[in-house]
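Here is the structure we will look at.
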Amino acid sequence: MIQVTKHGVILEKTNLDFENEGVLNPGAIVHENQIHLFYRAVRFGNHSTIGYCILDTPLTVVYRLQTPLIEPEHAYESKGLEDPRIVKIDDTFYLTYTAYNGTNALGAVATSKDLKVWDKKGIIVPQITYETFRYLAETNGSLNGKYLRYNEHIRSLEAPHDEVLLWDKNLIFFPRRIKGKLCFLHRIKPDVQILIAIDELSDLTKEFWHQYITNIKEHIVLTPIYNHEVSYIGGGCPPIETASGWLIIYHGVHDSVKGFVYSACAALLDLDDPQKEIARLPYPLFFPEFAWELKGEVNNVCFPTGVVVINEILYIYYGAADERIACASVNINILLDELKLNTK
């Protein structure tokens, strides 16, 4: 088993109105020699905004904004902006998040040149009902039964005011263009799907997505294999480019007598063809074991969303029990060597 160091909680909720219920699931990026965290800030009633802080070392917060950095402005995000991830592609920062309106949870993106002023581009994942998804996806054969289990939501019986759409979360861009094209991961339970070969966000039309979903099986890049991820998996941190491939830190979920358990997991994808999985750890990189991970708003959760590499050490920022932000670290070279022992 690979050695991971857990550094404990680095950010907790405050008495401020916008983050008095929890802080969790941050995106992280190094810019101008500082680490910038963009985190989900939750106020009473489960309303989320994006909070912001700066670290001068991987574990030391030196500045924390006392108001939300990004707030709901549109109907599609009226209940919150959740689980941000961030990368820089060319000269533009891409911050992706889950837009939640109380009924639907869908991947959205905002862009910036300076990390201060953000331009919301809206929802970019498909906006379709489960029935339409199933019709299109089964054009070329039946679906894994878990798609039915996890996506034909009970909430559809509740007659909400909004149309019930297929949930598509964990939208995460690769940090550079691949062969000149934008590429991102997204998640329709129970698998992680990948989208490659678009020039610009405007390519993501209704017609594009219908064609994509018709061939959804070709776009599944990670599917549950091991016991610790047997229920479902989802994207975690943005991919990290290494000489060995794209290092992917994702989350795996398994059911237990105490409910779902969320663990941090690791895999390696091909640099030139990230549709191709090279290797995967057969055990969790780390899992809930300490009080701050075992008890909280949601128990038994380690949910990785942000990562930086400093002096060959991979620092992974994660939501702990859906209430606080913690950090774990591992030597990236040792992790890559371990992954190479577990090739597909």
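Ordering of the structure tokens sets the chain letters (A, B, ...), residue numbers begin anew at 1 in every chain, and ligands are numbered from 1 in the order given.
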Using the chain letters and numbers from this document, which residues of region 48-227 of chain A does DSSP assign to helix (DSSP H, G or I), as number ranges by chain?
-> A: 75-77, 130-140, 145-151, 154-158, 201-203, 206-214, 216-219, 227
Per DSSP on the backbone, filter region 196-284 of chain A down to the residues in strand (DSSP E or B) and report them as an NGL selection string.
-> :A and (196-198 or 220-222 or 232-234 or 240-242 or 245-256 or 259-269 or 277-280)
Can I get the selected residues back with C-alpha atoms, as a compact mmCIF listing (two decimals), in the first residue's frame?
```
# COMPACT_ATOMS: atom_id res chain seq x y z
CA ILE A 196 -12.65 15.12 -26.52
CA ALA A 197 -12.18 16.97 -29.78
CA ILE A 198 -14.13 20.20 -29.56
CA ILE A 220 -16.89 5.76 -20.91
CA VAL A 221 -13.33 6.12 -19.70
CA LEU A 222 -13.59 4.82 -16.12
CA TYR A 232 -20.26 4.21 -8.56
CA ILE A 233 -17.34 6.51 -9.32
CA GLY A 234 -16.93 10.15 -10.29
CA ILE A 240 -2.19 16.05 -13.81
CA GLU A 241 0.16 15.75 -16.77
CA THR A 242 3.15 13.47 -16.15
CA GLY A 245 0.34 9.76 -18.56
CA TRP A 246 -2.52 11.81 -17.14
CA LEU A 247 -2.74 11.14 -13.42
CA ILE A 248 -6.39 11.06 -12.37
CA ILE A 249 -7.45 11.41 -8.73
CA TYR A 250 -11.13 10.48 -8.63
CA HIS A 251 -13.68 9.35 -6.04
CA GLY A 252 -15.01 5.85 -5.60
CA VAL A 253 -18.12 4.93 -3.63
CA HIS A 254 -19.20 1.70 -2.01
CA ASP A 255 -22.23 0.89 0.10
CA SER A 256 -21.79 -0.31 3.67
CA GLY A 259 -24.26 3.99 4.22
CA PHE A 260 -22.13 5.10 1.28
CA VAL A 261 -18.36 5.49 1.85
CA TYR A 262 -16.46 7.92 -0.40
CA SER A 263 -12.75 7.29 -0.99
CA ALA A 264 -10.02 8.98 -3.03
CA CYS A 265 -8.74 6.78 -5.87
CA ALA A 266 -6.05 6.99 -8.56
CA ALA A 267 -5.74 5.99 -12.21
CA LEU A 268 -3.53 6.79 -15.20
CA LEU A 269 -4.75 7.71 -18.70
CA GLU A 277 -6.92 3.79 -19.29
CA ILE A 278 -3.33 2.67 -18.60
CA ALA A 279 -3.44 1.75 -14.92
CA ARG A 280 -5.51 1.95 -11.75
```
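Proximity of A:Val125, A:Ala328, A:Val23, A:Ile172 to Phe44 (chain A), computed with only C-alpha atoms, is greatest for A:Val23.
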Neighbour list for region 174-180 of chain A as JSON, numbers by chain, cut-off 8 Å, only C-alpha atoms, skip fewer than 3 positions in-chain | {"A": [87, 88, 89, 90, 183, 184, 185, 197, 199, 238, 239, 240, 272]}
Got time to write the residues from that selection, C-alpha atoms, as a compact mmCIF listing (two decimals), in the first residue's frame?
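Result file follows (selection_21.txt):
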```txt
# COMPACT_ATOMS: atom_id res chain seq x y z
CA VAL A 87 -7.58 24.76 -14.57
CA LYS A 88 -5.76 27.18 -16.83
CA ILE A 89 -5.86 26.52 -20.57
CA ASP A 90 -3.74 28.84 -22.72
CA CYS A 183 -11.16 17.89 -23.49
CA PHE A 184 -13.10 17.29 -20.28
CA LEU A 185 -14.41 14.62 -17.95
CA ALA A 197 -12.18 16.97 -29.78
CA ASP A 199 -12.64 23.48 -30.68
CA PRO A 238 -8.25 17.98 -12.67
CA PRO A 239 -5.90 15.61 -14.54
CA ILE A 240 -2.19 16.05 -13.81
CA ASP A 272 -2.28 11.40 -26.38
```
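Here CA of Phe18 (chain A) stands at a distance of 20.7 Å from CA of Ala108 (chain A).
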Can you tell me, as a PyMOL selection string, what residues are no more than 9 Å from Thr98 (chain A) when counting only C-alpha atoms, ignoring any on the same chain fewer than 3 positions away?
-> chain A and resi 77+80-84+105-109+123+168-171
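Relative to CA of Ile35 (chain A), CA of Thr305 (chain A) is found at 14.1 Å.
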Spatial neighbours of Arg134 (chain A), max dist 10 Å, only C-alpha atoms, sep filter under 5 positions, as a ChimeraX atom specification | /A:129,139,142-143,147-148,151-152,166,213-214
Write out as CSV a residue-level contact list of region 221-324 of chain A versus region 53-74 of chain A with cut-off 10 Å: for each qualifying residue the closest pair of atoms and the distance in Å to one decimal, counting only C-alpha atoms, rows sorted by chain and residue number upward.
```
residue,atom,partner,partner_atom,distance
A:Val307,CA,A:Pro58,CA,9.9
A:Val308,CA,A:Pro58,CA,8.3
A:Val309,CA,A:Pro58,CA,9.4
A:Ile310,CA,A:Pro58,CA,8.4
A:Leu314,CA,A:Pro58,CA,9.9
A:Tyr315,CA,A:Pro58,CA,7.1
A:Ile316,CA,A:Pro58,CA,9.5
A:Tyr317,CA,A:Pro58,CA,9.4
```
